[in-house]
Structure formats: C-alpha cells, structure tokens
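Step one of this worksheet: look at the structure below.
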Amino acid sequence: MAETAETQVESGKQAARAERRAAKLAKEIGAFAKAHGGAEGQLAYIGQTGTRIVLVGEDGGWGDLVAPSYAIAESATQKAGITMHESFDGDFAAKVRTGPYEWTRMAGIQVGGPANPA
C-alpha cells in the first residue's frame, strides 16, 4: 500500500509540474500574440525533446517555443486561446514574413552565402 501512496504523490507532483509549465508557456504565447496583433499556431512533435509550438503573428512575425510534451503544448495553446492549425502549409505558411536576418542565415547555410554574424 505504501508504494501505491508514494506513486500517487509522485504522479500528483508530475501533474502539478506539467500544469505550471503549460501555464508559463500560455503566458509566453499570450505575450507573443499581444506583441504581434494576435497569433495562430501549429504543434510539431520533435521526438524526445518534446513538441515545438510554432507561432505566427497577425503582422507576419513568427517564433517558436518548445514544450516537454505534446500534452503540455496542447494545454498551453488552449489556455492561450489561439487558433491552431493541423499543418504548416497553405494560407498559414503564407502569413510568415521573413527579414534580412532570415535570408542571410538561409543563404549562409544552404548555398554557401555569407556567414551569419553572431
């Protein structure tokens, strides 16, 4: 019986930790949305690392966050109240606006362009 009680306590601690992490991510998503006139998102599982939350603002700005699990990422986006997409294509992807930094970085990596100044 003692093992069961200890397991339940540990499970409760993990659930509380996951809830705090989701709330923190939701706050960060909300801040992004506020700074960019609103936001939409998409979740991408990235293996043991967790789940990537890709955010695209109404102004075309974009960013991402990483959650330790898909469930936490999903909870965070629900708490933040943003529109979610199943995939990153079509109209959703067309909203992204890239700037000189991204173009320089892509050129430096993909076609031997100038190195990205760090």
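Labeling convention for the structure tokens: chains A, B, ... as they appear, residues from 1 per chain, ligands from 1 in order of appearance.
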### Residues near A:Asp64, cut-off 6 Å, only C-alpha atoms, skip fewer than 2 positions along chain, as a ChimeraX atom specification
/A:53-55
### Query
Counting only C-alpha atoms, what is within 12 Å of A:Glu74, bar same-chain residues fewer than 6 positions away, as a list in words?
Ala18, Glu19, Arg21, Ala22, Ala23, Leu25, Ala26, Ile29, Gly41, Gln42, Leu43, Ala44, Tyr45, Gly50, Thr51, Arg52, Ile53, Val54, Val66, Ala67, Pro68, Ala80, Gly81, Ile82, Thr83, Met84, His85 and Glu86 of chain A
Mind dumping the selected residues with N, CA, C and O atoms as an mmCIF file, in the first residue's frame?
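Okay, part_31.cif is ready:
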data_model
loop_
_atom_site.group_PDB
_atom_site.id
_atom_site.type_symbol
_atom_site.label_atom_id
_atom_site.label_comp_id
_atom_site.auth_asym_id
_atom_site.auth_seq_id
_atom_site.Cartn_x
_atom_site.Cartn_y
_atom_site.Cartn_z
ATOM 1 N N ALA A 18 3.535 19.777 -14.696
ATOM 2 C CA ALA A 18 3.080 19.928 -16.084
ATOM 3 C C ALA A 18 2.111 21.104 -16.200
ATOM 4 O O ALA A 18 2.177 21.881 -17.158
ATOM 5 N N GLU A 19 1.240 21.257 -15.237
ATOM 6 C CA GLU A 19 0.279 22.361 -15.243
ATOM 7 C C GLU A 19 0.986 23.709 -15.140
ATOM 8 O O GLU A 19 0.640 24.663 -15.844
ATOM 9 N N ARG A 21 4.076 24.337 -16.088
ATOM 10 C CA ARG A 21 4.804 24.542 -17.354
ATOM 11 C C ARG A 21 3.844 25.004 -18.448
ATOM 12 O O ARG A 21 4.159 25.912 -19.213
ATOM 13 N N ALA A 22 2.659 24.401 -18.523
ATOM 14 C CA ALA A 22 1.657 24.807 -19.521
ATOM 15 C C ALA A 22 1.217 26.247 -19.278
ATOM 16 O O ALA A 22 1.062 27.015 -20.228
ATOM 17 N N ALA A 23 1.032 26.616 -18.015
ATOM 18 C CA ALA A 23 0.620 27.987 -17.693
ATOM 19 C C ALA A 23 1.706 28.990 -18.088
ATOM 20 O O ALA A 23 1.401 30.060 -18.622
ATOM 21 N N LEU A 25 4.019 28.578 -20.459
ATOM 22 C CA LEU A 25 4.029 28.646 -21.923
ATOM 23 C C LEU A 25 2.845 29.463 -22.437
ATOM 24 O O LEU A 25 2.991 30.261 -23.371
ATOM 25 N N ALA A 26 1.672 29.292 -21.832
ATOM 26 C CA ALA A 26 0.486 30.047 -22.241
ATOM 27 C C ALA A 26 0.719 31.546 -22.063
ATOM 28 O O ALA A 26 0.322 32.356 -22.907
ATOM 29 N N ILE A 29 2.969 32.626 -24.880
ATOM 30 C CA ILE A 29 2.195 32.672 -26.127
ATOM 31 C C ILE A 29 1.331 33.920 -26.146
ATOM 32 O O ILE A 29 1.248 34.624 -27.151
ATOM 33 N N GLY A 41 -1.122 29.160 -34.381
ATOM 34 C CA GLY A 41 -0.042 28.235 -34.104
ATOM 35 C C GLY A 41 -0.213 26.871 -34.721
ATOM 36 O O GLY A 41 -1.257 26.538 -35.285
ATOM 37 N N GLN A 42 0.842 26.080 -34.594
ATOM 38 C CA GLN A 42 0.864 24.706 -35.072
ATOM 39 C C GLN A 42 1.817 23.938 -34.174
ATOM 40 O O GLN A 42 2.858 24.469 -33.774
ATOM 41 N N LEU A 43 1.460 22.712 -33.821
ATOM 42 C CA LEU A 43 2.307 21.872 -32.981
ATOM 43 C C LEU A 43 3.057 20.867 -33.830
ATOM 44 O O LEU A 43 2.479 20.252 -34.721
ATOM 45 N N ALA A 44 4.334 20.696 -33.532
ATOM 46 C CA ALA A 44 5.159 19.738 -34.261
ATOM 47 C C ALA A 44 5.949 18.895 -33.261
ATOM 48 O O ALA A 44 6.774 19.429 -32.517
ATOM 49 N N TYR A 45 5.688 17.606 -33.239
ATOM 50 C CA TYR A 45 6.403 16.688 -32.354
ATOM 51 C C TYR A 45 7.855 16.612 -32.808
ATOM 52 O O TYR A 45 8.136 16.405 -33.984
ATOM 53 N N GLY A 50 10.589 16.983 -27.143
ATOM 54 C CA GLY A 50 9.258 17.499 -26.833
ATOM 55 C C GLY A 50 8.465 17.865 -28.060
ATOM 56 O O GLY A 50 8.522 17.197 -29.081
ATOM 57 N N THR A 51 7.752 18.971 -27.952
ATOM 58 C CA THR A 51 6.899 19.447 -29.035
ATOM 59 C C THR A 51 7.164 20.922 -29.278
ATOM 60 O O THR A 51 7.203 21.718 -28.343
ATOM 61 N N ARG A 52 7.336 21.261 -30.531
ATOM 62 C CA ARG A 52 7.581 22.647 -30.929
ATOM 63 C C ARG A 52 6.237 23.335 -31.148
ATOM 64 O O ARG A 52 5.380 22.824 -31.853
ATOM 65 N N ILE A 53 6.078 24.508 -30.557
ATOM 66 C CA ILE A 53 4.897 25.329 -30.760
ATOM 67 C C ILE A 53 5.324 26.456 -31.703
ATOM 68 O O ILE A 53 6.077 27.342 -31.317
ATOM 69 N N VAL A 54 4.897 26.375 -32.951
ATOM 70 C CA VAL A 54 5.237 27.398 -33.943
ATOM 71 C C VAL A 54 4.153 28.462 -33.886
ATOM 72 O O VAL A 54 2.962 28.159 -33.960
ATOM 73 N N VAL A 66 9.374 25.511 -27.168
ATOM 74 C CA VAL A 66 9.415 24.052 -27.071
ATOM 75 C C VAL A 66 8.830 23.637 -25.729
ATOM 76 O O VAL A 66 9.244 24.131 -24.679
ATOM 77 N N ALA A 67 7.866 22.756 -25.790
ATOM 78 C CA ALA A 67 7.242 22.177 -24.602
ATOM 79 C C ALA A 67 7.811 20.782 -24.396
ATOM 80 O O ALA A 67 8.152 20.106 -25.367
ATOM 81 N N PRO A 68 7.904 20.326 -23.156
ATOM 82 C CA PRO A 68 8.469 18.995 -22.909
ATOM 83 C C PRO A 68 7.613 17.836 -23.407
ATOM 84 O O PRO A 68 8.118 16.722 -23.535
ATOM 85 N N ALA A 80 -3.967 29.678 -23.902
ATOM 86 C CA ALA A 80 -3.689 30.959 -24.546
ATOM 87 C C ALA A 80 -4.825 31.378 -25.473
ATOM 88 O O ALA A 80 -4.950 32.558 -25.809
ATOM 89 N N GLY A 81 -5.623 30.420 -25.910
ATOM 90 C CA GLY A 81 -6.781 30.724 -26.749
ATOM 91 C C GLY A 81 -6.456 31.129 -28.174
ATOM 92 O O GLY A 81 -7.192 31.904 -28.784
ATOM 93 N N ILE A 82 -5.373 30.591 -28.724
ATOM 94 C CA ILE A 82 -5.030 30.936 -30.104
ATOM 95 C C ILE A 82 -5.596 29.900 -31.068
ATOM 96 O O ILE A 82 -5.874 28.768 -30.689
ATOM 97 N N THR A 83 -5.746 30.297 -32.328
ATOM 98 C CA THR A 83 -6.200 29.391 -33.382
ATOM 99 C C THR A 83 -5.064 28.442 -33.732
ATOM 100 O O THR A 83 -3.933 28.878 -33.950
ATOM 101 N N MET A 84 -5.367 27.152 -33.790
ATOM 102 C CA MET A 84 -4.353 26.155 -34.100
ATOM 103 C C MET A 84 -4.612 25.546 -35.471
ATOM 104 O O MET A 84 -5.752 25.402 -35.898
ATOM 105 N N HIS A 85 -3.521 25.170 -36.152
ATOM 106 C CA HIS A 85 -3.581 24.541 -37.469
ATOM 107 C C HIS A 85 -2.990 23.142 -37.377
ATOM 108 O O HIS A 85 -2.061 22.895 -36.611
ATOM 109 N N GLU A 86 -3.500 22.248 -38.198
ATOM 110 C CA GLU A 86 -3.003 20.866 -38.234
ATOM 111 C C GLU A 86 -1.623 20.773 -38.883
ATOM 112 O O GLU A 86 -0.818 19.934 -38.512
#
Would you list the contacts of A:Trp62 as a PDB file with C-alpha atoms, in the first residue's frame, taking every protein, DNA or RNA residue within 10 Å and counting only C-alpha atoms, but skipping same-chain residues closer than 5 positions in sequence?
ATOM      1  CA  PHE A  32       3.712  36.981 -28.348  1.00  0.00           C
ATOM      2  CA  ALA A  33       0.110  37.360 -29.526  1.00  0.00           C
ATOM      3  CA  HIS A  36       2.015  40.831 -32.897  1.00  0.00           C
ATOM      4  CA  ALA A  39      -1.345  34.795 -33.225  1.00  0.00           C
ATOM      5  CA  GLU A  40      -2.014  31.395 -34.730  1.00  0.00           C
ATOM      6  CA  GLY A  41      -0.042  28.235 -34.104  1.00  0.00           C
ATOM      7  CA  VAL A  54       5.237  27.398 -33.943  1.00  0.00           C
ATOM      8  CA  LEU A  55       3.622  30.829 -33.648  1.00  0.00           C
ATOM      9  CA  VAL A  56       2.759  33.243 -36.446  1.00  0.00           C
ATOM     10  CA  GLY A  57       1.549  36.723 -35.564  1.00  0.00           C
ATOM     11  CA  LYS A  95       1.394  34.687 -43.338  1.00  0.00           C
ATOM     12  CA  VAL A  96       5.056  34.414 -42.293  1.00  0.00           C
ATOM     13  CA  ARG A  97       7.179  37.428 -43.165  1.00  0.00           C
ATOM     14  CA  THR A  98      10.933  36.961 -43.215  1.00  0.00           C
TER      15      THR A  98
END
#### Entry: In chain A, DSSP helix (DSSP H, G or I) residues written as number ranges by chain
A: 2-35, 47-49, 70-80, 90-94, 100-110
Would you return as a PDB file with C-alpha atoms, in the first residue's frame the members of chain A that DSSP assigns to strand (DSSP E) on this structure's backbone?
ATOM      1  CA  ALA A  39      -1.345  34.795 -33.225  1.00  0.00           C
ATOM      2  CA  GLU A  40      -2.014  31.395 -34.730  1.00  0.00           C
ATOM      3  CA  GLY A  41      -0.042  28.235 -34.104  1.00  0.00           C
ATOM      4  CA  GLN A  42       0.864  24.706 -35.072  1.00  0.00           C
ATOM      5  CA  LEU A  43       2.307  21.872 -32.981  1.00  0.00           C
ATOM      6  CA  ALA A  44       5.159  19.738 -34.261  1.00  0.00           C
ATOM      7  CA  TYR A  45       6.403  16.688 -32.354  1.00  0.00           C
ATOM      8  CA  THR A  51       6.899  19.447 -29.035  1.00  0.00           C
ATOM      9  CA  ARG A  52       7.581  22.647 -30.929  1.00  0.00           C
ATOM     10  CA  ILE A  53       4.897  25.329 -30.760  1.00  0.00           C
ATOM     11  CA  VAL A  54       5.237  27.398 -33.943  1.00  0.00           C
ATOM     12  CA  LEU A  55       3.622  30.829 -33.648  1.00  0.00           C
ATOM     13  CA  VAL A  56       2.759  33.243 -36.446  1.00  0.00           C
ATOM     14  CA  GLY A  57       1.549  36.723 -35.564  1.00  0.00           C
ATOM     15  CA  TRP A  62       6.969  34.402 -36.114  1.00  0.00           C
ATOM     16  CA  GLY A  63       8.650  32.444 -33.367  1.00  0.00           C
ATOM     17  CA  ASP A  64       8.554  29.169 -31.560  1.00  0.00           C
ATOM     18  CA  LEU A  65       8.626  27.609 -28.134  1.00  0.00           C
ATOM     19  CA  VAL A  66       9.415  24.052 -27.071  1.00  0.00           C
ATOM     20  CA  ALA A  67       7.242  22.177 -24.602  1.00  0.00           C
ATOM     21  CA  THR A  83      -6.200  29.391 -33.382  1.00  0.00           C
ATOM     22  CA  MET A  84      -4.353  26.155 -34.100  1.00  0.00           C
ATOM     23  CA  HIS A  85      -3.581  24.541 -37.469  1.00  0.00           C
TER      24      HIS A  85
END
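Of the listed residues A:Ala93, A:Ala71, A:Ala35, A:Ile46, the one whose atoms come nearest to A:Ala15 is A:Ala71, with distances taken using only C-alpha atoms.
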### Atom-to-atom span, atom CA of A:Arg20 and atom CA of A:Thr4, Å
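Interatomic distance, atom CA of A:Arg20 to atom CA of A:Thr4: 24.3 Å.
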### Option closest in space to A:Glu28, from A:Met106, A:Lys79, A:Ala94, A:Pro100 [counting only C-alpha atoms]
A:Lys79
